[in-house]
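Reading through the structure tokens given below for one structure.
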Amino acid sequence: MFYPVCRPKRLRKNDKFRRLVRENRVSPDNLIAPFFVLPGTNIRKPISAMPGNFQLSVDNLLREVKQVRDLGIPAIMLFGIPRKKDNLGTEAYAEYGIVQQAVREIKKKVPDILVVTDVCLCEYTSHGHCGIVTKAGKGKGCFNIDNDATLELLANTAISHVQAGADMVGPSAMMDGQVQAIRQGLDEAGYLETPIMAYSAKYASGFYGPFRQAAGSTPQFGDRRSYQMDPANSREAIKEVELDIAEGADIVMVKPALAYLDIIAKVKDKFNVPVAAYNVSGEFSMVKAADKAGWIDGERVALEILTAIKRAGADIIITYHAKEIASSLK
Ligand code: PBG
């Protein structure tokens with residue numbers, strides 16, 4: 001006699017069953033909302049490639065940060081658009097740089113939100129690269145990034161953010177040794193308690209396109225392939241993560257997220273530290289564009305993507321969908 005042993009469908013038949021047996025869920029608790037801040041007042045300049053995102057002056061940023069907090073999202077991530085750029089990215093580590101000012105104001109007015117800062121030079125250098133550029137031969141395409149000379153600038157940037165009140169720093173320049181340099185810098189400055197969320201496996205990706213419009217950080221020559229990872233590589237990501245943990249990273253990040261779920265899963269499986277995934281600008285903008293065209297239900301797809309990133313193993317997701325998803329989950 002045929003005896004039915006299947007279970008799955010019985011547990012899918014209504015939403016209560018589905019909720020009861022759901023393995024992964026997206027919660028505002030695990031989200032970080034990124035923001036772009038620039039000098040001035042009363043500025044709220046839409047970023048056309050990232051609908052619903054703006055370049056904000058500090059006053060308007062504070063308003064957004066309060067909304068994020070009220071939605072139950074515990075943390076924001078800050079990117080700065082400086083008044084002026086130069087070869088050494090001086091504004092990145094200036095005491096009164098835009099990020100430093102924004103952090104001070106947020107900590108004064110919305111102290112109960114965690115402020116994470118992106119530590120990189122690319123938004124602050126005139127050439128748009130993440131490190132110090134040295135010439136290598138003739139022509140604009142011939143250049144080197146001086147990895148070791150960049151480390152001190154990155155450490156100074158991190159220290160200045162933490163001095164302003166940042167709760168955590170996120171080094172994203174992909175310079176070798178950056179986590180150690182920043183850990184040492186922070187410790188020497190007395191900030192032993194400030195964690196580092198390292199952009200450990202950061203790929204040279206076409207998915208960053210809209211971000212570069214948002215932050216004005218497109219390289220003026222060349223690209224980032226000499227320091228960011230080759231999308232074809234997986235074992236190398238494990239090596240990058242291993243090194244960052246050894247250097248003192250408290251949280252490791254995989255970036256981008258959607259096309260790199262296998263990397264997230266591997267990192268999660270192999271290491272015992274929290275894993276963050278950056279659901280980057282291009283991933284966000286594709287959903288928005290297809291939603292606008294009426295091809296997909298953007299909110300449904302966004303939740304599906306974030307759920308998949310969690311299912312792959314991410315503990316934390318940095319996403320431009322944070323606000324809308326947190327409101328829809330309420
Ligand atoms: C800075 C940085 C970038 C992103 C985060 N930090 C740009 C880049 O590396 O080119 C991209 C984030 C996004 O696309 O949302 N180095």
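Each chain of the structure tokens is named A, B, ... in the order shown, its residues numbered from 1; ligands are numbered from 1 in display order.
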Which residues sit within 8 Å of ligand 1, counting only C-alpha atoms and all ligand atoms, listed as a PyMOL selection string?
chain A and resi 79+118-123+130+172-174+202+204-205+207-212+217-218+224+228+256+278-282+319-320
Please list as a ChimeraX atom specification every residue within 10 Å of Asp297 of chain A, counting only C-alpha atoms and excluding residues in the same chain fewer than 5 positions away.
/A:287-288,290-292,302
List the neighbours of Thr41 of chain A out to 12 Å using only C-alpha atoms; skip same-chain residues closer than 5 positions along the sequence, and give me the result as a PyMOL selection string.
chain A and resi 55-62+102
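Compared by their closest atoms to Ile47 of chain A, and using only C-alpha atoms, the residues A:Ala158, A:Leu20, A:Ala214, A:Leu88 rank with A:Ala214 nearest.
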Closest of A:Asn233, A:Gln101, A:Thr117, A:Asn87 to Thr134 of chain A - atom-to-atom distances counting only C-alpha atoms:
A:Asn87
Quick one: residues within 10 Å of Thr307 of chain A, only C-alpha atoms, excluding same-chain residues fewer than 6 positions away - as a ChimeraX atom specification?
/A:24-27,301,313-314,317
Can you pull out every residue from segment 61-279 of chain A that DSSP, working from the backbone, puts in alpha helix (DSSP H), and format the result as an NGL selection string?
:A and (61-70 or 98-109 or 147-164 or 178-188 or 209-215 or 235-247 or 261-270)
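In terms of minimum interatomic distance to Val115 of chain A, A:Arg69 ranks closest within A:Lys270, A:Lys85, A:Arg69, A:Lys135, counting only C-alpha atoms.
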Of the residues A:Ile238, A:Ala257, A:Met168, A:Leu243, which is the one nearest to Asp269 of chain A, using only C-alpha atoms?
A:Ile238
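Of the residues under consideration (A:Tyr260, A:Tyr203, A:Tyr3, A:Phe36), A:Tyr203 shows the shortest atom-to-atom contact distance to Glu240 of chain A when counting only C-alpha atoms.
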As a list of chain:residue names, please: the residues near Asn272 of chain A (cut-off 12 Å, only C-alpha atoms, same-chain neighbours under 4 positions excluded).
A:Val241, A:Glu242, A:Ile245, A:Ala249, A:Asp250, A:Ile251, A:Val252, A:Lys266, A:Val267, A:Lys268, A:Gly313, A:Asp315
Using DSSP on the backbone coordinates, identify the residues of segment 58-290 of chain A assigned to strand (DSSP E or B); present them as a PyMOL selection string.
chain A and resi 75-80+86+114-119+125+132-135+143-146+168-171+196-203+229+251-255+275-279
Please produce a file of those selected residues containing N, CA and C atoms, as a compact mmCIF listing (two decimals), in the first residue's frame.
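As a result, part-v6.txt now contains:
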```txt
# COMPACT_ATOMS: atom_id res chain seq x y z
N ALA A 75 21.71 50.83 12.94
CA ALA A 75 22.96 51.46 12.51
C ALA A 75 22.85 52.13 11.14
N ILE A 76 23.66 53.15 10.97
CA ILE A 76 23.80 53.78 9.65
C ILE A 76 25.28 53.75 9.25
N MET A 77 25.50 53.90 7.95
CA MET A 77 26.87 53.96 7.43
C MET A 77 27.00 55.28 6.69
N LEU A 78 28.11 55.96 6.92
CA LEU A 78 28.28 57.30 6.32
C LEU A 78 29.35 57.36 5.25
N PHE A 79 29.00 58.02 4.15
CA PHE A 79 29.96 58.34 3.09
C PHE A 79 29.98 59.85 2.92
N GLY A 80 31.17 60.41 2.76
CA GLY A 80 31.28 61.86 2.66
C GLY A 80 31.59 62.32 1.25
N ASP A 86 41.95 66.47 -3.26
CA ASP A 86 43.34 66.66 -3.66
C ASP A 86 44.02 65.30 -3.81
N LEU A 114 23.85 53.60 16.06
CA LEU A 114 25.27 53.30 15.82
C LEU A 114 25.70 53.96 14.52
N VAL A 115 26.82 54.65 14.59
CA VAL A 115 27.34 55.29 13.39
C VAL A 115 28.60 54.55 12.92
N VAL A 116 28.49 53.99 11.73
CA VAL A 116 29.61 53.30 11.11
C VAL A 116 30.12 54.21 10.00
N THR A 117 31.43 54.36 9.89
CA THR A 117 31.95 55.21 8.81
C THR A 117 32.74 54.36 7.82
N ASP A 118 32.60 54.73 6.56
CA ASP A 118 33.40 54.09 5.51
C ASP A 118 34.77 54.76 5.52
N VAL A 119 35.80 53.94 5.62
CA VAL A 119 37.17 54.49 5.65
C VAL A 119 37.85 54.19 4.33
N THR A 125 40.06 61.91 -3.04
CA THR A 125 41.22 62.15 -3.89
C THR A 125 40.76 62.71 -5.24
N ILE A 132 47.13 56.35 -2.43
CA ILE A 132 48.04 57.33 -3.01
C ILE A 132 48.51 56.82 -4.37
N VAL A 133 48.46 57.68 -5.37
CA VAL A 133 48.84 57.28 -6.73
C VAL A 133 50.25 57.76 -7.03
N THR A 134 51.06 56.85 -7.55
CA THR A 134 52.39 57.25 -8.02
C THR A 134 52.49 56.93 -9.49
N LYS A 135 53.30 57.67 -10.17
CA LYS A 135 53.45 57.48 -11.62
C LYS A 135 54.25 56.21 -11.91
N PHE A 143 50.02 53.91 -13.88
CA PHE A 143 50.10 54.41 -12.50
C PHE A 143 50.22 53.24 -11.55
N ASN A 144 50.72 53.54 -10.36
CA ASN A 144 50.76 52.56 -9.28
C ASN A 144 50.01 53.12 -8.09
N ILE A 145 49.51 52.21 -7.27
CA ILE A 145 48.96 52.66 -5.99
C ILE A 145 50.03 52.33 -4.95
N ASP A 146 50.41 53.33 -4.16
CA ASP A 146 51.40 53.10 -3.12
C ASP A 146 50.69 52.55 -1.88
N MET A 168 31.95 52.56 14.93
CA MET A 168 32.65 51.47 14.25
C MET A 168 33.18 52.02 12.93
N VAL A 169 34.33 51.47 12.47
CA VAL A 169 34.87 51.93 11.19
C VAL A 169 34.88 50.78 10.18
N GLY A 170 34.68 51.14 8.93
CA GLY A 170 34.63 50.14 7.86
C GLY A 170 35.66 50.44 6.78
N PRO A 171 36.88 49.91 6.93
CA PRO A 171 37.89 50.16 5.90
C PRO A 171 37.54 49.47 4.59
N ILE A 196 36.15 47.01 14.21
CA ILE A 196 36.40 47.23 12.78
C ILE A 196 35.56 46.25 11.97
N MET A 197 34.78 46.81 11.06
CA MET A 197 34.06 45.96 10.10
C MET A 197 34.80 46.08 8.78
N ALA A 198 35.58 45.06 8.45
CA ALA A 198 36.46 45.15 7.29
C ALA A 198 35.77 44.73 6.00
N TYR A 199 35.91 45.55 4.97
CA TYR A 199 35.48 45.13 3.63
C TYR A 199 36.55 44.15 3.16
N SER A 200 36.42 42.91 3.55
CA SER A 200 37.51 41.96 3.33
C SER A 200 37.55 41.42 1.90
N ALA A 201 36.42 40.89 1.46
CA ALA A 201 36.34 40.36 0.10
C ALA A 201 35.56 41.36 -0.74
N LYS A 202 36.28 42.34 -1.24
CA LYS A 202 35.65 43.38 -2.05
C LYS A 202 36.09 43.21 -3.49
N TYR A 203 35.11 42.96 -4.34
CA TYR A 203 35.40 42.65 -5.73
C TYR A 203 35.41 43.89 -6.62
N MET A 229 39.20 42.68 -5.83
CA MET A 229 39.32 41.28 -6.25
C MET A 229 38.71 41.00 -7.62
N ILE A 251 34.35 42.16 12.31
CA ILE A 251 33.30 41.72 11.38
C ILE A 251 33.94 41.73 10.00
N VAL A 252 33.66 40.71 9.19
CA VAL A 252 34.20 40.72 7.84
C VAL A 252 33.06 40.88 6.83
N MET A 253 33.39 41.50 5.73
CA MET A 253 32.34 41.80 4.76
C MET A 253 32.64 41.20 3.40
N VAL A 254 31.56 40.79 2.74
CA VAL A 254 31.64 40.38 1.35
C VAL A 254 30.87 41.43 0.55
N LYS A 255 31.44 41.86 -0.56
CA LYS A 255 30.84 42.94 -1.34
C LYS A 255 31.21 42.79 -2.80
N VAL A 275 29.44 37.97 9.78
CA VAL A 275 29.66 38.26 8.37
C VAL A 275 28.66 39.32 7.91
N ALA A 276 29.21 40.35 7.27
CA ALA A 276 28.35 41.38 6.69
C ALA A 276 28.37 41.23 5.18
N ALA A 277 27.26 41.62 4.55
CA ALA A 277 27.20 41.62 3.09
C ALA A 277 26.71 42.99 2.65
N TYR A 278 27.34 43.52 1.62
CA TYR A 278 26.93 44.83 1.11
C TYR A 278 26.10 44.64 -0.15
N ASN A 279 24.80 44.88 0.02
CA ASN A 279 23.85 44.87 -1.10
C ASN A 279 24.04 46.21 -1.84
```
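Each of A:Gly177, A:Gly190, A:Gly298, A:Pro51 was compared to Ala246 of chain A using only C-alpha atoms, and A:Gly177 turns out to be the nearest.
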